[in-house]
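**Q** Submitted below is the structure of interest, expressed as structure tokens.
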There are 2 protein chains.
Amino acid sequence: MRNFKLIIAYDGSRYQGWQRLNDSDLTIQGKLEKVISEMIGSPIEIIGSGRTDAGVHARGQVANFHTNSSLTTHEIHRYINQYLPQDIVVTEVVEVSHRFHSRYNAKSKKYVYAIWNHWIQSPFDRKYSYYFPTELDIDAMKSASRKLIGTHDFIGFSSLKKVKKSTVRTIYEISIEKKGHLLNFNILGNGFLYNMIRIIMGSLIDIGLHKRDVSHIEEILANKNREDAGMTIPPHGLFLEEVHYQ
Amino acid sequence: MRNFKLIIAYDGSRYQGWQRLNDSDLTIQGKLEKVISEMIGSPIEIIGSGRTDAGVHARGQVANFHTNSSLTTHEIHRYINQYLPQDIVVTEVVEVSHRFHSRYNAKSKKYVYAIWNHWIQSPFDRKYSYYFPTELDIDAMKSASRKLIGTHDFIGFSSLKKVKKSTVRTIYEISIEKKGHLLNFNILGNGFLYNMIRIIMGSLIDIGLHKRDVSHIEEILANKNREDAGMTIPPHGLFLEEVHYQ
């Protein structure tokens with residue numbers, strides 16, 4: 001069996017998220033599996049590096065699939081992009097070792113959360129950033145974000161209901177870039193819990209508004225209570241940017 | 001009477017263009033007039049710097065309207081943006097001399113035409129650039145664009161049927177910026193004929209493909225025949241960027 005790794009960019013606006021739900025669904029995985037199965041002539045399952053929620057975008061989602069097909073990577077690449085809807089694009093196809101697993105082997109992921117921080121909205125960025133017109137104290141948000149770096153139990157920043165597995169994760173880096181009225185929060189970590197980034201962002205916004213002190217981050221980490229953290233802010237500001245395998 | 005100048009950005013995707021057609025239309029002028037008339041309490045006409053075609057975008061369209069209203073510019077600005085659809089945004093409101101006329105006083109306009117020049121499309125730029133996967137000879141296009149600079153009769157680059165007025169225009173500058181796979185053509189001129197930029201771009205593409213020589217531009221200018229020029233390429237790569245008044 002050959003194993004193909006795909007890098008995928010998508011505008012998540014009209015999708016129910018990455019994960020296939022049923023035959024007639026509007027999911028990224030579902031769309032990809034349909035096109036690839038038709039290409040190969042038999043049903044295929046693709047393995048994603050992880051789920052993205054409804055409305056979340058990606059510039060660098062990774063997936064892989066196994067096949068006996070003798071098509072070249074270039075033929076596969078051309079075919080998939082020809083038949084995918086315009087809001088999903090495969091940017092790279094690489095043949096990889098049969099052992100490669102896009103979820104198990106993922107070492108870290110980079111997400112970007114984009115906030116449009118000005119009362120005058122941009123008609124071109126409105127679907128790709130969270131409109132937040134009130135001024136934010138970026139320095140306070142930077143200080144607060146530094147409290148998140150490191151290995152912590154992030155359960156307080158998650159919407160998880162039942163927890164069986166470990167909720168300890170490591171955040172390596174959070175940086176904030178300002179491009180005009182757009183604030184890009186770059187978050188690199190070894191993995192993220194359900195809704196974790198959107199709740200972290202909601203909590204950082206509370207601090208940027210001075211509704212909470214910078215030290216509030218440490219309280220949420222210590223108390224492990226979802227109620228303490230900020231709101232889950234909308235999905236359309238969030239991008240899965242990169243998945244790293246080493 | 002007071003006179004207010006507006007700067008307007010819009011995503012033209014779902015509109016029939018700038019100019020109001022009838023009461024139930026989907027035009028930028030129509031949407032603005034509806035909101036401003038409701039604000040003021042009586043029907044108002046707004047004057048645009050010029051039309052943009054169906055599907056064309058703007059970052060800096062200019063319009064003005066006269067009113068006896070005693071609202072402040074800030075109140076007007078807030079009201080308009082609150083009631084406009086999300087794909088039209090007023091970025092500036094300034095009270096100007098009663099003599100200011102956004103069309104008659106416009107000295108020059110800058111347009112940008114964006115080409116996505118790579119076979120792998122971007123899901124985020126697809127509505128804001130013309131997807132053109134074949135490689136283009138940018139240097140040839142640059143040389144050709146220099147032949148357009150200056151004062152010429154541009155009738156060969158227009159879809160105008162009946163011509164009564166002068167079709168002589170001046171192009172001051174054409175520059176090409178490459179940002180990743182995106183080619184932005186910046187075109188500054190004192191005015192443009194119907195479809196002129198899209199036909200210029202179609203002609204430059206023919207030259208970028210080596211279907212035509214650089215000298216072909218001079219032939220179109222000399223022969224004044226629409227048939228000689230390239231195709232009218234799609235509206236969704238075109239942005240009205242700025243309107244200059246001095």
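Naming works like this for the structure tokens: A, B, ... for the chains as they're shown, residue 1 at the start of each chain, ligands 1 onward in shown order.
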As a PyMOL selection string, list the residues of stretch 13-230 of chain B assigned to alpha helix (DSSP H) by DSSP on the backbone atoms of this structure.
**A** chain B and resi 28-40+73-83+138-146+196-208+216-223
**Q** Which residues of chain B have any atom within 6 Å of an atom in chain A when counting only C-alpha atoms, and what is the closest pair of atoms for each, with the distance in Å to one decimal? Order the rows by chain and rising number and write it as CSV.
**A**
```
residue,atom,partner,partner_atom,distance
B:Tyr10,CA,A:Pro123,CA,5.8
B:Asp11,CA,A:Pro123,CA,5.8
B:Asp87,CA,A:Pro123,CA,4.7
B:Pro123,CA,A:Asp87,CA,4.7
```
**Q** I'd like the neighbourhood of B:Ile233 as a ChimeraX atom specification, where a residue qualifies if any of its atoms comes within 9 Å (using only C-alpha atoms), though same-chain residues fewer than 6 positions away should be ignored.
**A** /B:130,197-202
**Q** If you run DSSP over the backbone, which residues in stretch 86-118 of chain B end up strand (DSSP E)? Put them as number ranges by chain.
**A** B: 88-96, 108-116
**Q** Could you check which of B:Lys161, B:Lys109, B:Lys34, B:His118 is closest to B:Arg20, using only C-alpha atoms?
**A**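 Using only C-alpha atoms, the shortest distance to B:Arg20 belongs to B:Lys34.
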**Q** To one decimal in Å, tell me the separation between atom CA of A:Asp153 and atom CA of A:Leu136.
**A**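 Answer for the atom CA of A:Asp153 to atom CA of A:Leu136 separation: 27.0 Å.
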**Q** Would you list the contacts of A:Tyr83 as a ChimeraX atom specification, taking every protein, DNA or RNA residue within 10 Å and counting only C-alpha atoms, but skipping same-chain residues closer than 6 positions in sequence?
**A** /A:31-32,34-36,38-39,89
**Q** Emit the selected residues as a CSV table (one decimal), in the first residue's frame, including N, CA and C atoms.
**A**
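Wrote result37.csv, looks like this:
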```csv
chain,number,residue,atom,x,y,z
A,31,LYS,N,-16.0,15.8,1.9
A,31,LYS,CA,-15.8,16.2,0.6
A,31,LYS,C,-14.6,15.6,0.0
A,32,LEU,N,-13.5,15.6,0.8
A,32,LEU,CA,-12.2,15.0,0.3
A,32,LEU,C,-12.4,13.5,0.0
A,34,LYS,N,-15.0,11.8,-0.7
A,34,LYS,CA,-15.9,11.6,-1.9
A,34,LYS,C,-15.0,11.7,-3.1
A,35,VAL,N,-14.3,12.8,-3.3
A,35,VAL,CA,-13.5,13.0,-4.5
A,35,VAL,C,-12.4,11.9,-4.6
A,36,ILE,N,-11.7,11.6,-3.5
A,36,ILE,CA,-10.6,10.6,-3.6
A,36,ILE,C,-11.1,9.2,-3.9
A,38,GLU,N,-13.8,8.5,-5.6
A,38,GLU,CA,-14.2,8.5,-7.0
A,38,GLU,C,-12.9,8.4,-7.9
A,39,MET,N,-11.9,9.0,-7.5
A,39,MET,CA,-10.6,8.9,-8.2
A,39,MET,C,-10.1,7.5,-8.3
A,89,VAL,N,-8.9,23.5,-1.0
A,89,VAL,CA,-7.8,23.3,-2.0
A,89,VAL,C,-6.7,22.5,-1.3
```
**Q** With distances taken over only C-alpha atoms, which of B:His74, B:Lys5, B:Arg226, B:Lys110 is nearest to B:Gly156?
**A**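 Using only C-alpha atoms, B:Gly156 sits closest to B:Arg226.
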**Q** Give me the residues within 9 Å of B:Ile171 as a list of chain:residue names, counting only C-alpha atoms and dropping any in the same chain fewer than 4 places off.
**A** B:Leu148, B:Ile149, B:Gly150, B:Thr151, B:His152, B:Ile187, B:Leu188, B:Gly189, B:Asn190, B:Gly191, B:Phe192
